[in-house]
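*Asks:* Structure file data_27.csv (CSV, C-alpha atoms) is given on the next line.
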```
chain,number,residue,atom,x,y,z
A,10,MET,CA,82.7,317.5,337.5
A,11,GLY,CA,79.8,315.3,336.7
A,12,TYR,CA,78.5,311.8,336.3
A,13,SER,CA,77.3,310.1,333.1
A,14,LEU,CA,76.0,306.8,331.6
A,15,LEU,CA,76.7,305.7,328.1
A,16,ALA,CA,74.8,302.7,326.9
A,17,ARG,CA,73.5,300.7,323.9
A,18,CYS,CA,70.0,299.3,324.1
A,19,PRO,CA,70.1,295.6,323.4
A,20,GLN,CA,66.5,295.5,322.0
A,21,THR,CA,66.7,298.4,319.6
A,22,GLY,CA,70.5,299.0,319.1
A,23,HIS,CA,70.0,302.7,320.0
A,24,PHE,CA,72.7,304.5,321.8
A,25,GLY,CA,72.0,306.8,324.8
A,26,LEU,CA,73.8,309.2,327.0
A,27,ALA,CA,72.7,310.6,330.3
A,28,VAL,CA,74.7,313.3,332.0
A,29,ALA,CA,74.5,315.5,335.1
A,30,SER,CA,77.1,318.1,336.0
A,31,TYR,CA,78.0,321.2,338.0
A,32,CYS,CA,79.1,322.8,334.8
A,33,VAL,CA,76.3,324.7,333.0
A,34,THR,CA,76.3,323.1,329.6
A,35,ALA,CA,77.3,319.5,330.2
A,36,GLY,CA,75.2,317.9,327.4
A,37,ALA,CA,76.8,320.1,324.7
A,38,LEU,CA,80.3,319.3,325.9
A,39,THR,CA,80.0,315.5,326.3
A,40,ASP,CA,77.9,313.8,323.7
A,41,GLY,CA,79.0,312.1,320.5
A,42,LEU,CA,76.3,309.7,319.3
A,43,CYS,CA,75.6,308.3,315.9
A,44,ALA,CA,72.5,306.3,314.9
A,45,ASN,CA,72.8,302.6,315.5
A,46,ILE,CA,76.6,302.7,314.9
A,47,VAL,CA,78.9,304.1,317.6
A,48,ALA,CA,79.0,306.3,320.7
A,49,LEU,CA,81.6,308.3,322.5
A,50,SER,CA,81.6,310.7,325.4
A,51,SER,CA,84.3,312.7,327.2
A,52,GLN,CA,84.2,314.3,330.6
A,53,GLY,CA,86.4,315.8,333.3
A,54,TYR,CA,88.0,318.8,331.7
A,55,ALA,CA,86.1,317.9,328.6
A,56,LYS,CA,87.5,318.5,325.1
A,57,PRO,CA,84.6,318.5,322.6
A,58,GLY,CA,87.0,318.0,319.7
A,59,ASN,CA,87.7,314.5,321.1
A,60,ASN,CA,84.2,313.5,320.2
A,61,ALA,CA,84.5,314.6,316.6
A,62,LEU,CA,87.8,312.9,316.1
A,63,GLY,CA,86.7,309.7,317.8
A,64,LEU,CA,83.6,309.4,315.8
A,65,ARG,CA,85.5,309.8,312.5
A,66,LEU,CA,87.8,307.0,313.6
A,67,LEU,CA,84.9,304.8,314.6
A,68,PHE,CA,83.2,305.4,311.2
A,69,GLN,CA,86.4,304.2,309.6
A,70,GLY,CA,86.1,300.9,311.4
A,71,PHE,CA,88.6,301.4,314.3
A,72,THR,CA,87.8,299.5,317.5
A,73,SER,CA,86.9,301.2,320.7
A,74,GLU,CA,90.3,300.4,322.2
A,75,ALA,CA,92.1,301.8,319.2
A,76,VAL,CA,90.0,305.0,319.3
A,77,LEU,CA,90.7,305.5,323.0
A,78,ALA,CA,94.4,305.0,322.4
A,79,ALA,CA,94.4,307.5,319.5
A,80,LEU,CA,92.6,310.1,321.5
A,81,ILE,CA,95.0,309.8,324.4
A,82,GLU,CA,98.0,309.9,322.0
A,83,ASN,CA,96.6,313.0,320.2
A,84,ASP,CA,95.9,315.0,323.4
A,85,PRO,CA,98.8,316.3,325.6
A,86,ASP,CA,96.3,317.0,328.3
A,87,HIS,CA,94.7,313.6,328.4
A,88,ALA,CA,95.4,313.2,332.1
A,89,TYR,CA,92.6,315.7,332.7
A,90,ARG,CA,90.1,313.8,330.6
A,91,GLN,CA,87.7,310.9,331.1
A,92,ILE,CA,86.8,309.2,327.8
A,93,VAL,CA,84.5,306.2,327.1
A,94,VAL,CA,83.8,304.6,323.7
A,95,ILE,CA,81.4,302.0,322.4
A,96,ASP,CA,82.1,300.7,318.9
A,97,ARG,CA,79.8,299.0,316.4
A,98,LYS,CA,80.3,295.6,318.0
A,99,GLY,CA,79.3,296.9,321.3
A,100,THR,CA,82.8,296.7,322.8
A,101,ILE,CA,83.4,299.3,325.5
A,102,ALA,CA,86.7,301.1,326.2
A,103,ALA,CA,87.2,303.6,329.0
A,104,GLY,CA,90.1,305.7,330.2
A,105,ASN,CA,90.4,307.8,333.4
A,106,GLY,CA,93.1,310.5,333.4
A,107,THR,CA,95.4,310.6,336.4
A,108,ARG,CA,94.6,314.3,337.0
A,109,LEU,CA,90.9,313.9,337.5
A,110,ARG,CA,89.4,315.2,340.7
A,111,ALA,CA,88.5,312.7,343.4
A,112,TRP,CA,86.4,310.6,343.6
A,113,SER,CA,86.6,309.6,340.0
A,114,GLY,CA,86.3,306.3,338.1
A,115,HIS,CA,84.1,304.2,335.9
A,116,VAL,CA,82.1,301.0,336.2
A,117,LEU,CA,81.1,298.6,333.4
A,118,GLY,CA,77.5,297.2,333.3
A,119,ASP,CA,75.5,295.1,330.9
A,120,GLY,CA,76.0,297.1,327.6
A,121,CYS,CA,76.7,300.3,329.5
A,122,VAL,CA,79.4,302.2,331.3
A,123,VAL,CA,78.9,304.7,334.1
A,124,PHE,CA,81.6,307.2,334.9
A,125,GLY,CA,82.3,310.4,336.7
A,126,ASP,CA,84.6,312.7,338.6
A,127,MET,CA,84.4,314.8,341.7
A,128,LEU,CA,81.8,312.4,343.1
A,129,ALA,CA,80.7,311.6,346.7
A,130,GLY,CA,82.2,308.2,346.2
A,131,PRO,CA,82.0,304.9,344.2
A,132,GLU,CA,78.5,304.4,345.5
A,133,VAL,CA,77.2,307.0,343.0
A,134,LEU,CA,78.3,304.9,340.0
A,135,ASP,CA,77.1,301.7,341.7
A,136,ALA,CA,73.6,303.2,342.2
A,137,MET,CA,73.5,304.4,338.6
A,138,ARG,CA,74.4,301.0,337.2
A,139,SER,CA,72.0,299.2,339.5
A,140,ALA,CA,69.1,301.5,338.5
A,141,PHE,CA,69.8,301.1,334.8
A,142,ASP,CA,70.1,297.3,335.0
A,143,THR,CA,67.0,296.9,337.2
A,144,LEU,CA,64.8,298.8,334.8
A,145,SER,CA,65.6,296.6,331.8
A,146,SER,CA,62.0,296.4,330.6
A,147,ALA,CA,61.4,300.1,330.8
A,148,ARG,CA,61.8,302.6,327.9
A,149,PHE,CA,65.4,303.3,327.1
A,150,GLU,CA,65.2,307.0,327.8
A,151,ASP,CA,63.4,306.3,331.1
A,152,ARG,CA,66.2,304.0,332.2
A,153,LEU,CA,68.8,306.7,331.4
A,154,LEU,CA,67.1,309.4,333.4
A,155,ARG,CA,66.4,307.1,336.3
A,156,ALA,CA,70.1,306.2,336.4
A,157,LEU,CA,70.9,309.9,336.8
A,158,GLU,CA,68.4,310.3,339.6
A,159,ALA,CA,69.9,307.3,341.4
A,160,GLY,CA,73.3,308.8,341.2
A,161,ARG,CA,72.0,312.1,342.6
A,162,ASP,CA,70.2,310.2,345.4
A,163,ALA,CA,73.4,308.3,346.2
A,164,GLY,CA,75.3,311.4,346.9
A,165,GLY,CA,76.0,312.9,343.5
A,166,LEU,CA,78.7,315.6,343.3
A,167,ARG,CA,81.0,316.5,346.1
A,168,GLY,CA,83.3,319.5,346.5
A,169,ARG,CA,86.0,319.9,349.1
A,170,ASP,CA,83.6,320.5,351.9
A,171,ASN,CA,80.1,320.3,350.6
A,172,ARG,CA,77.6,318.7,348.3
A,173,LEU,CA,77.5,320.3,344.8
A,174,ALA,CA,74.4,321.0,342.9
A,175,GLU,CA,73.7,319.4,339.5
A,176,ARG,CA,73.4,322.6,337.4
A,177,SER,CA,73.0,321.0,334.0
A,178,ALA,CA,71.7,317.6,332.9
A,179,GLY,CA,70.6,315.9,329.7
A,180,VAL,CA,69.4,312.7,328.2
A,181,VAL,CA,70.1,312.0,324.5
A,182,VAL,CA,69.2,309.0,322.4
A,183,CYS,CA,70.1,308.2,318.8
A,184,GLY,CA,69.0,305.3,316.7
A,185,ASP,CA,66.2,305.5,314.2
A,186,PHE,CA,67.0,308.7,312.4
A,187,ASP,CA,70.0,310.7,311.2
A,188,TYR,CA,69.3,313.1,314.1
A,189,TYR,CA,68.7,312.6,317.8
A,190,ASP,CA,65.5,310.6,318.5
A,191,TRP,CA,65.4,312.0,322.0
A,192,ASP,CA,67.3,315.2,323.1
A,193,LEU,CA,66.3,316.8,326.3
A,194,ARG,CA,68.8,319.2,328.1
A,195,VAL,CA,68.6,321.6,331.0
A,196,ASP,CA,71.3,324.2,331.5
A,197,ALA,CA,72.1,326.8,334.2
A,198,GLN,CA,69.5,325.5,336.7
A,199,PRO,CA,70.0,325.1,340.4
A,200,HIS,CA,68.1,321.8,340.4
A,201,ALA,CA,68.7,320.6,336.9
A,202,LEU,CA,67.7,317.0,337.4
A,203,ALA,CA,64.4,317.9,338.9
A,204,GLU,CA,63.8,320.2,336.0
A,205,LEU,CA,64.9,317.5,333.5
A,206,ARG,CA,62.4,315.1,335.1
A,207,ARG,CA,59.6,317.7,334.6
A,208,VAL,CA,60.5,318.3,331.0
A,209,HIS,CA,60.9,314.6,330.4
A,210,ASP,CA,57.4,313.8,331.7
A,211,GLU,CA,55.9,316.7,329.8
A,212,TYR,CA,57.6,315.7,326.5
A,213,GLN,CA,57.0,312.0,326.6
A,214,PRO,CA,53.4,312.0,325.3
A,215,HIS,CA,54.4,314.5,322.6
A,216,ALA,CA,57.3,312.4,321.2
A,217,ALA,CA,55.4,310.2,318.8
A,218,TYR,CA,53.2,313.2,317.7
A,219,TYR,CA,56.3,315.2,316.5
A,220,ILE,CA,57.6,312.2,314.6
A,221,GLU,CA,54.3,311.7,312.8
A,222,ARG,CA,53.8,315.5,312.2
A,223,ALA,CA,57.2,315.5,310.3
A,224,ARG,CA,56.2,312.5,308.2
A,225,ASN,CA,52.8,313.7,307.3
A,226,PRO,CA,52.5,317.5,307.7
A,227,HIS,CA,49.5,317.9,305.4
A,228,ASN,CA,47.2,316.0,307.8
A,229,ALA,CA,49.0,316.8,311.1
A,230,THR,CA,47.0,318.0,314.1
A,231,PRO,CA,48.2,321.5,315.0
A,232,ALA,CA,50.4,321.5,318.1
A,233,MET,CA,47.9,323.7,320.0
A,234,GLU,CA,45.1,321.3,319.4
A,235,PHE,CA,47.2,318.3,320.3
A,236,ALA,CA,48.2,320.0,323.6
A,237,ASP,CA,44.5,320.7,324.3
A,238,MET,CA,43.7,317.0,323.6
A,239,LEU,CA,46.3,315.9,326.2
A,240,GLN,CA,45.0,318.4,328.7
A,241,ARG,CA,41.5,317.1,328.3
A,242,GLY,CA,42.7,313.5,328.6
A,243,ARG,CA,44.5,314.4,331.9
A,244,ALA,CA,41.5,316.2,333.3
A,245,ALA,CA,39.3,313.2,332.5
A,246,GLY,CA,41.8,310.8,334.1
A,247,ASN,CA,41.8,312.9,337.2
A,248,GLY,CA,38.0,312.9,337.3
A,249,GLY,CA,37.9,316.6,336.4
```
Any chance you could put this one into structure tokens?
*Replies:*
Amino acid sequence: MGYSLLARCPQTGHFGLAVASYCVTAGALTDGLCANIVALSSQGYAKPGNNALGLRLLFQGFTSEAVLAALIENDPDHAYRQIVVIDRKGTIAAGNGTRLRAWSGHVLGDGCVVFGDMLAGPEVLDAMRSAFDTLSSARFEDRLLRALEAGRDAGGLRGRDNRLAERSAGVVVCGDFDYYDWDLRVDAQPHALAELRRVHDEYQPHAAYYIERARNPHNATPAMEFADMLQRGRAAGNGG
């Protein structure tokens, strides 16, 4: 039970996944990104092994449609899964199992797909796609997080009789390196998206620092000093 957005940035070629769920470790269960090549995500009653198998097939040159078909054929419980795939040409394939909990579905956007199950309704996905498309000039990770927030604000998750909390959330981006460029996740929190926003805003000014520190450790500013520099800059900006 959750909602997600899988996308490829047209400017950088980076792949990104944004996910929010009532489950407590949604990010670990759903992501399968590889730098500037392919992306895959599974949801519903997620089967993490689908991601590993799907990525292997994509690396071998299979199209997104062929990978989706293979994952369905290989999984006797595919009716409980929601799977989306983006191949190296940017082609999107998406499958919704027939045993997913209502409301469930997916919507294609410009270089992205939004999908989810146990939602308040289709308006959740429509709001996510609209937010992502509208912020086309913003940083990729900002667009991904804002899409999640738009889905939450449009109704988010819905149980039989009540609104369900987003108890885990994450934004992951892969592109420049052989590891994730951006990997922020919140687990087992009653207001996971609000906490993810706090962590996102806190981490953003540190992102370039950590990259440079890894490249040039001999001349790197210690993390404590860098944090103090940021704090002084904020204080000066607030007139303190």
*Asks:* In Å, rounded to a single decimal, give me how far CA of Leu109 (chain A) is from CA of Tyr12 (chain A).
*Replies:*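 Calculated distance between CA of Tyr12 (chain A) and CA of Leu109 (chain A) is 12.6 Å.
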*Asks:* Could you check which of A:Arg176, A:Arg207, A:Arg224, A:Arg152 is closest to Gly25 (chain A), using only C-alpha atoms?
*Replies:* A:Arg152
*Asks:* Using all atoms listed in the file, which of A:Leu117, A:Ala29, A:Ala16, A:Ala174 sits nearest Leu205 (chain A)?
*Replies:*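 Nearest candidate to Leu205 (chain A) out of A:Leu117, A:Ala29, A:Ala16, A:Ala174: A:Ala29.
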*Asks:* Determine, using only C-alpha atoms, which residues of region 90-139 of chain A have any atom at most 12 Å from an atom of region 153-173 of chain A, and tabulate each with its shortest atom pair and distance in Å to one decimal place, rows ordered by chain and then rising number, as CSV.
*Replies:*
```
residue,atom,partner,partner_atom,distance
A:Arg110,CA,A:Gly168,CA,9.5
A:Ala111,CA,A:Arg167,CA,8.8
A:Trp112,CA,A:Arg167,CA,8.4
A:Ser113,CA,A:Leu166,CA,10.5
A:Cys121,CA,A:Leu153,CA,10.3
A:Val122,CA,A:Ala156,CA,11.3
A:Val123,CA,A:Ala156,CA,9.2
A:Phe124,CA,A:Gly160,CA,10.5
A:Gly125,CA,A:Leu166,CA,9.1
A:Asp126,CA,A:Leu166,CA,8.1
A:Met127,CA,A:Arg167,CA,5.8
A:Leu128,CA,A:Leu166,CA,4.5
A:Ala129,CA,A:Arg167,CA,4.9
A:Gly130,CA,A:Gly164,CA,7.6
A:Pro131,CA,A:Ala163,CA,9.5
A:Glu132,CA,A:Ala163,CA,6.5
A:Val133,CA,A:Gly160,CA,4.7
A:Leu134,CA,A:Gly160,CA,6.5
A:Asp135,CA,A:Gly160,CA,8.1
A:Ala136,CA,A:Ala159,CA,5.6
A:Met137,CA,A:Ala156,CA,4.4
A:Arg138,CA,A:Ala156,CA,6.8
A:Ser139,CA,A:Ala156,CA,7.9
```
*Asks:* So which one's closest to Val28 (chain A), A:Arg194, A:His215, A:His87, A:His209? Using only C-alpha atoms, please.
*Replies:*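 When distances to Val28 (chain A) are compared using only C-alpha atoms, the smallest one comes from A:Arg194.
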*Asks:* Smallest atom-to-atom distance to Ala88 (chain A): which of A:Asn60, A:Asn105, A:Ser177, A:Thr100, using only C-alpha atoms?
*Replies:*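 For Ala88 (chain A), the nearest of the given residues is A:Asn105.
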*Asks:* For a quick check of understanding, using all atoms listed in the file, which of A:His115, A:Arg148, A:Arg222, A:Arg206 has the smallest distance to Gly11 (chain A)?
*Replies:*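 Comparing A:His115, A:Arg148, A:Arg222, A:Arg206 against Gly11 (chain A), the winner is A:His115.
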*Asks:* Fewer than 6 positions away in the same chain doesn't count, so skip those; otherwise give me all residues within 7 Å of Ser73 (chain A), counting all atoms listed in the file, as a PDB file with C-alpha atoms, in the frame of the given file.
*Replies:*
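File produced: out34.pdb:
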```
ATOM      1  CA  VAL A  94      83.800 304.600 323.700  1.00  0.00           C
ATOM      2  CA  ILE A  95      81.400 302.000 322.400  1.00  0.00           C
ATOM      3  CA  ASP A  96      82.100 300.700 318.900  1.00  0.00           C
ATOM      4  CA  THR A 100      82.800 296.700 322.800  1.00  0.00           C
ATOM      5  CA  ILE A 101      83.400 299.300 325.500  1.00  0.00           C
ATOM      6  CA  ALA A 102      86.700 301.100 326.200  1.00  0.00           C
TER       7      ALA A 102
END
```
